[in-house]
Amino acid sequence: KLQFLYLIGGRAGIMLRAFRGTAAAVRRRAPAAAWATRRWGVRVPEEGEVELGGVRCRVATPADPELVPIHSYLPDDQETLGQLRWMMQKWNLGQDMYLLGPPGPKRRWLAFKFCHSLMKEVEYLALSRDTTEADIKQRREIRDGSLTFVDQPAVRAAVHGRVLLLDGVERVERNVLPIINNLLENREMSLEDGRFLTNPARYAELQKEHSEDELRAMGLIPVSPHFRVISLGLPVPRYEGVPLDPPLRSRFQCLDVTSTSLGMMLAKVKATAPRLKEVDAETLVGFLSGKLAAEEGGTDQDREQHFPDVLEEDLMRWAASANAFPEDPLVESLRRVYPYHIMADSKVDGGASRKFMTSVLTRYSLHDPDFSENSPVRRTQSVYSLAGIAPDAAPRQALLSFASGKGTTEAYPCGCGEADPDNWGAPEDLLQTPTFKSDLANMMKDHCLGRHLCIVGPRGCGKSALASAFARMLGYSDKLSVVHCHWDMSSRDLLQRRVTEENGNTTWQAAVLTDAAVHGRVVVLDGVDKFPPGVLASLGRLFVDGEVTLYDGTILRCSEDYQTLLEDGFTREELTAKGVLEVHPAFRIIALAHTAADSEDAKSWVEGEVQHFFAFHKVTTPHVHELHALLKHANPHQAVADKILKLHTSLAAAHEGDSAVPVMSLRQLLRLAKGSPDLSYLHAAVSDVLLVDLMPQFAADRVNAIIESIPIEDTRTGASELTVQKTEGTLSIGATKANILPLRNPEDAALIPSIVFHDNPEHLESLRKLLHDLNGTDHVLMIGKQGVGKNRLVDRLLQLLERPRQYVQLHRDSTVASLTVRPEVVEGKLVWEDAPLVKAARSGHILVVDEIDKAPLEVVGVLKGLIEDRDLLLSDGRRVVDKLKPDGWSEAEGAIEIHPDFRLIALANVPGFPFLGNDFFAACGDLFRCHLIDNPTKASALEVLQQYGPSVPVHVLNTMVDAFDELQQHVAEGLLAYPYSLRELVAVVKHLEAFPDDGLVTALKNVFNFDTYDAHSKELIEGVFESHGIPLSGKARQL
């Protein structure tokens, strides 16, 4: 049996605990004179060694004790002690170590436990795909106009004799880590500032011939003989990542950090959950062993189709949940710590993995009807309900009480926000259904257990509302931070960002996660499934341990460790000066993610390192009676709510047999209810929400049949009766009226569009709809083919309303930064120039985003923050918020208030060929009031053409309108690819009006010469025009 021994002056003492209890255990067995008091959590002997299984290592006296790990989650069992003994052997041999094992924090905890046992300072570096040489060796900074180099973890560890801990080797690019190969092999490295790290033995030889000053003048810096490197990595393959580079691998000694034996796991479960029944404790461990046994002997491909490993840490979290809330079914707690129900959504194996997991659950009497039957509606709810929330005696702490259906009550403290407790509570206009309350209670339970939360569900199902209600009920809402995640993001965007000070110096500024961690706030990471691989994993230490090392060397320590440092003599000022800050215990992260069906990548982002970061909560479609209550809450008109509910259930049933038939999200259903004051508005609202004309023909026929069967009838009045009337201060289009707002800034007059527009019935109806939407609070998405007048309609309405316009056109290379703020260098300083989006939000202008379908979906997806959440974090650290509040974000903190008159109008082409854009409507359409703009009817087109070509004979205009109408029918039938529009007709008429002697054929060829080299299209087009008496193929120049 292995035991820790401290050898002090010939006396031996058994070290019962390796962390925090170490000092007390050894002090009882050693003379007081043998100890020198240090101002930190553990006291160390002046001269001493630690022995484990016959292996001895000298205990260091740290120069910077705040860098020595304090807290540990690993017990002193025989497995852990055996692994520590191996590490002590490698230490004595001067060898660097590689800890290999499955995902989870165990490898990191083992490394920290070893460093604490030897009192070794640690330089921690979390690796990711964004890690560069500058993050490892030296980083360039500007100081007082000069370029300086700042040492990074590898150099600091080598010079000061610390342990360099590289976490996540499999995440870094393959050709980055080889820069430390020579440091690993020969303890040498050339630095960017001209210095050279030298092997300590070689440096000692040089000291015999040169003085210390001479060696320093040569730029030679000795590497400490106590410097070591410990790397942490996953086995690749089996897990995703970059395989180890052979030259790098050969420089390490590897330890396989295997899982604990089942007997030890059972003992740990009983110790973690003393309230748990014996049979339930055996069920927990049995589930783990049963899953492993069921997968034993399968091929790698079989294992990929099944589920990732159940980690030992998942098992302990499961036990803690079952212990805290013993009335909850075990499967309910399991779903939140090991989200098999979320992982199953990404499996494309015909349901084999779902059947596999169902069999394992059934074997241990863990019945989950929502999973086994793959129900889209939640059928089970938590046993516990949230009975009360009250402020606790301790500052920034609340006491939550939970009542079970069996009459028992559990009460636990938890962190809370800074808001006045009198203002705690969910919004008054929020209708909380039983499922919503159950989800909220489960989130509160996990919050009491100190876990970060992840809400997963389909698009528009209420994830943001759930997170917002959680924050408001605990007083976090005043300074709630929402981050809209996208593919271009890295961990730097979340932890620290580079800034330039007024004097030109470069420095680091706390980003949203760091700021929230220090002040104890809630951060909502909206769309974590959009993160590139490895970004979340690189933040694992913050998620699990509550600690993180920032890019400027600042260390955030968990509250427990920070308080230990304070108890042992450090002051807050001293720790701040040393770059050590406390993570507030009230700090919490709420991640929002789409299910695999709504993500671009069907592969589950949950598996691997991420699965133990959060407590997972899957949000599903509400029950029918709950959905009916929500619709009636949004619209008290009973008939409207009934028809919307029937439409939803009919579409959902049709979707089961035909995936082309859409299913409306909860957001779309509520938009329908709010936008239909009575039945006369419902048909138009349904048409705008579903955009049936964009669907494949067979799906459109199916949807139209459903609408007719309900029935939802079109009772709208014809558009021919509409007129535009503009009086002082009021604009009227038909019965729709809106106020003309006075200009707040005279310079804004230059931003008002001024165009030539010819009215026609269909365009007037489109203008009326736009006016109605802008008069409310909705933002607008206009979809249509090219040349149908989308830009003209918008500009005409803004011209009539006298509203300033900010315009931005997107493209393939558009980025989130270019959409919000743009960096510029002015007089040697980096400044941020607001993009049109920020200008419009601040000033209350209309923002027109053209070609929005051409930009990457992850870029335009951040518009959700501005449109729905009304909270958008900018690249420079400022944020656009709904309102500036006394207790909320202020202008001094870089907050920009969204003007109440701000509106966004997005313009997009129809998805698919030949426009080759992204399907923006499918990704973000439910955030907007949508309008489909099509080519006008023959009568409207003729009316427009007559105004552009008053001298062109009417019969010629009629002939062209008929021919183009036939071409558009061929496009709809798929015979022609190019969608000819009103724009081409207007161009032909303009030419005839200006140059009548050229003739009709010449004017038409200006449009159709594009099709000269496409024999099929050319033949079809010429045939259409010849059928209308226009010899497009002939050589005639006049008609």
# chains A, B, ... in the order shown; residues from 1 in each chain; ligands from 1
>>> residues_around(residues="Lys785 in chain A", least_positions_apart="4", cutoff="9 Å", atoms="only C-alpha atoms", output="list in words")
Lys790, Ala908, Asn909, Val910, Phe915, Ile933, Asp934, Asn935, Pro979, Tyr980 and Ser981 of chain A
>>> select_by_dssp(residues="range 856-930 of chain A", states="strand (DSSP E)", output="VMD selection string")
chain A and resid 871 to 873 879 to 881 895 to 897 903 to 908 929 to 930
>>> closest_residue(among="A:Arg139, A:Ser321, A:Pro103, A:Asp77", to="Ser261 in chain A", atoms="only C-alpha atoms")
A:Asp77
>>> closest_residue(among="A:His367, A:His931, A:Lys864, A:Arg336", to="Asp446 in chain A", atoms="only C-alpha atoms")
A:Arg336
>>> atom_distance(atom1="CA of His899 in chain A", atom2="CA of Leu801 in chain A")
17.2 Å
>>> select_by_dssp(residues="range 399-522 of chain A", states="helix (DSSP H, G or I)", output="ChimeraX atom specification")
/A:421-423,434-448,463-473,477-479,491-495,512-519
>>> residues_around(residues="Pro421 in chain A", least_positions_apart="5", cutoff="10 Å", atoms="only C-alpha atoms", output="NGL selection string")
:A and (389-391 or 398 or 416 or 473-475)
